[in-house]
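Accompanying notes for the structure given below.
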Amino acid sequence: MDTTKQRYINKLRQPYGLAMHVVPMYFEREILNKTCSFFYFLEQNKHELFHAYINYAPCCMCNDSFEDSSISRSVSLRRKQFHILYESTGQQNLDHEKRNEKYRIKPHCLCKYVPTQVKLIDLDITMLCAIINSCCIPTPGNAIEFNAIRDVRNFMNHIGESTDISKSTFEEKWKILETCSLSLAEVTGEVHRHMIHTRFQDLKRANRY
């Protein structure tokens, strides 16, 4: 990677790190709403998150026809990610899980899955977006901002060797991270927003930006 591109990526990692300070705090305060633990949230949303992982077959919690279910058909969690959230140490109900003529499980039994002790701070933006998009009604200050921060992270991590980063692209990505971070921080409180704004200004001065 050329020196200019690497320099821009390194600079973007600083506001991204600040954004990833804001994101779990927003999730804890506004989505968990101080009324439940993340463990309890995972237990309550197990059905939605299971189908973010397995979207092609019903489970024992599907009350209606799977084809008519309102559960999202978008796969947003990979196997490894799902098992960061849940472990199969619960008591499986053998009457719930059947195999068809091709020996495929249909439906799946969710009784065996229990939340792990994972903490919000341990999750990256990709997993937090998957959780938000699967379990929460989009409102100002969550899905749009979370997804935008994720997209900048993906840009930094997957930019091709042959792709250059212009100054205008760098400034655009920085602006996205700053705007989204301030929007999320404002929802959690004026003092928090002021603190994040100050830290962004410090980063700009340190980077002569």
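By convention here, the chains of the structure tokens are called A, B, ... in the order presented, each chain's residues are numbered starting at 1, and ligands are numbered starting at 1 in the order presented.
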Open item on the list: Based on the backbone DSSP call, show me all residues of stretch 124-191 of chain A assigned helix (DSSP H, G or I), as a PyMOL selection string.
Closed with: chain A and resi 125-135+143-158+167-188+190-191
Open item on the list: As an exercise, work out the distance from atom CA of A:Leu184 to atom CA of A:Gln201 in Å and give it to one decimal place.
Closed with: 17.0 Å
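Nearest residue to A:Arg78, choosing from A:Ala130, A:Val118, A:Ile159, A:Leu123 and counting only C-alpha atoms: A:Ala130.
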- [ ] Would you kindly return, as a ChimeraX atom specification, each protein, DNA or RNA residue with an atom no farther than 10 Å from any atom of A:Leu85, considering only C-alpha atoms and excluding same-chain residues fewer than 6 positions away?
- [x] /A:39,42-43,46,49,113-119,123,127
- [ ] Using only C-alpha atoms, determine which residues lie at most 8 Å from stretch 4-6 of chain A, disregarding the query and same-chain residues fewer than 4 positions distant; provide the list as an NGL selection string.
- [x] :A and (10 or 164-165)
TODO: Please identify all polymer residues within 12 Å of A:Asn157, counting only C-alpha atoms, omitting same-chain residues fewer than 6 positions from it, and present them as a list in words.
DONE: Gln6, Ile9, Asn10, Leu12, Arg13, Tyr16, Arg150 and Asp151 of chain A
Would you save the residues of that selection, restricted to C-alpha atoms, as a PDB file, in the first residue's frame?
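Output below, filename result_7.pdb:
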```
ATOM      1  CA  GLN A   6      -1.657   4.234   4.298  1.00  0.00           C
ATOM      2  CA  ILE A   9      -6.154   4.982   6.458  1.00  0.00           C
ATOM      3  CA  ASN A  10      -4.152   5.464   9.663  1.00  0.00           C
ATOM      4  CA  LEU A  12      -9.229   7.491   9.621  1.00  0.00           C
ATOM      5  CA  ARG A  13      -8.677   4.808  12.246  1.00  0.00           C
ATOM      6  CA  TYR A  16     -13.285   5.353  13.825  1.00  0.00           C
ATOM      7  CA  ARG A 150     -19.832   0.139   9.421  1.00  0.00           C
ATOM      8  CA  ASP A 151     -19.463   1.161   5.781  1.00  0.00           C
TER       9      ASP A 151
END
```
Task: Counting only C-alpha atoms, the residue of A:Leu18, A:Ile31, A:Cys111, A:Leu77 that sits nearest A:Thr198 - done: A:Leu18
TODO: Mind checking which residues fall within 12 Å of A:Ala148, counting only C-alpha atoms, ignoring those fewer than 5 positions away in the same chain, and posting them as a ChimeraX atom specification?
DONE: /A:16,19,23,125-126,129,141-143,153-155,172-181,183-184
I'd like the neighbourhood of A:His21 as a PDB file with N, CA and C atoms, in the first residue's frame, where a residue qualifies if any of its atoms comes within 10 Å (using only C-alpha atoms), though same-chain residues fewer than 5 positions away should be ignored.
```
ATOM      1  N   PRO A  15     -10.656   8.630  14.172  1.00  0.00           N
ATOM      2  CA  PRO A  15     -12.074   8.935  14.397  1.00  0.00           C
ATOM      3  C   PRO A  15     -12.944   7.678  14.437  1.00  0.00           C
ATOM      4  N   TYR A  16     -12.521   6.612  13.730  1.00  0.00           N
ATOM      5  CA  TYR A  16     -13.285   5.353  13.825  1.00  0.00           C
ATOM      6  C   TYR A  16     -13.226   4.808  15.251  1.00  0.00           C
ATOM      7  N   TYR A  26     -24.212   4.211  23.195  1.00  0.00           N
ATOM      8  CA  TYR A  26     -25.554   4.475  22.682  1.00  0.00           C
ATOM      9  C   TYR A  26     -26.426   3.229  22.823  1.00  0.00           C
ATOM     10  N   ILE A 121     -18.994  -4.218  24.601  1.00  0.00           N
ATOM     11  CA  ILE A 121     -17.711  -3.629  24.229  1.00  0.00           C
ATOM     12  C   ILE A 121     -16.864  -4.598  23.407  1.00  0.00           C
ATOM     13  N   SER A 181     -21.093  10.017  14.818  1.00  0.00           N
ATOM     14  CA  SER A 181     -20.727   9.933  16.234  1.00  0.00           C
ATOM     15  C   SER A 181     -21.429  11.022  17.045  1.00  0.00           C
ATOM     16  N   ALA A 185     -24.134  10.496  19.964  1.00  0.00           N
ATOM     17  CA  ALA A 185     -23.791  11.036  21.283  1.00  0.00           C
ATOM     18  C   ALA A 185     -24.844  12.027  21.763  1.00  0.00           C
ATOM     19  N   ILE A 196     -17.517  14.391  22.973  1.00  0.00           N
ATOM     20  CA  ILE A 196     -17.116  13.777  21.700  1.00  0.00           C
ATOM     21  C   ILE A 196     -16.719  14.850  20.701  1.00  0.00           C
TER      22      ILE A 196
END
```
Open item on the list: One number please: atom CA of A:Cys136 to atom CA of A:Ile84, in Å, one decimal.
Closed with: 19.5 Å
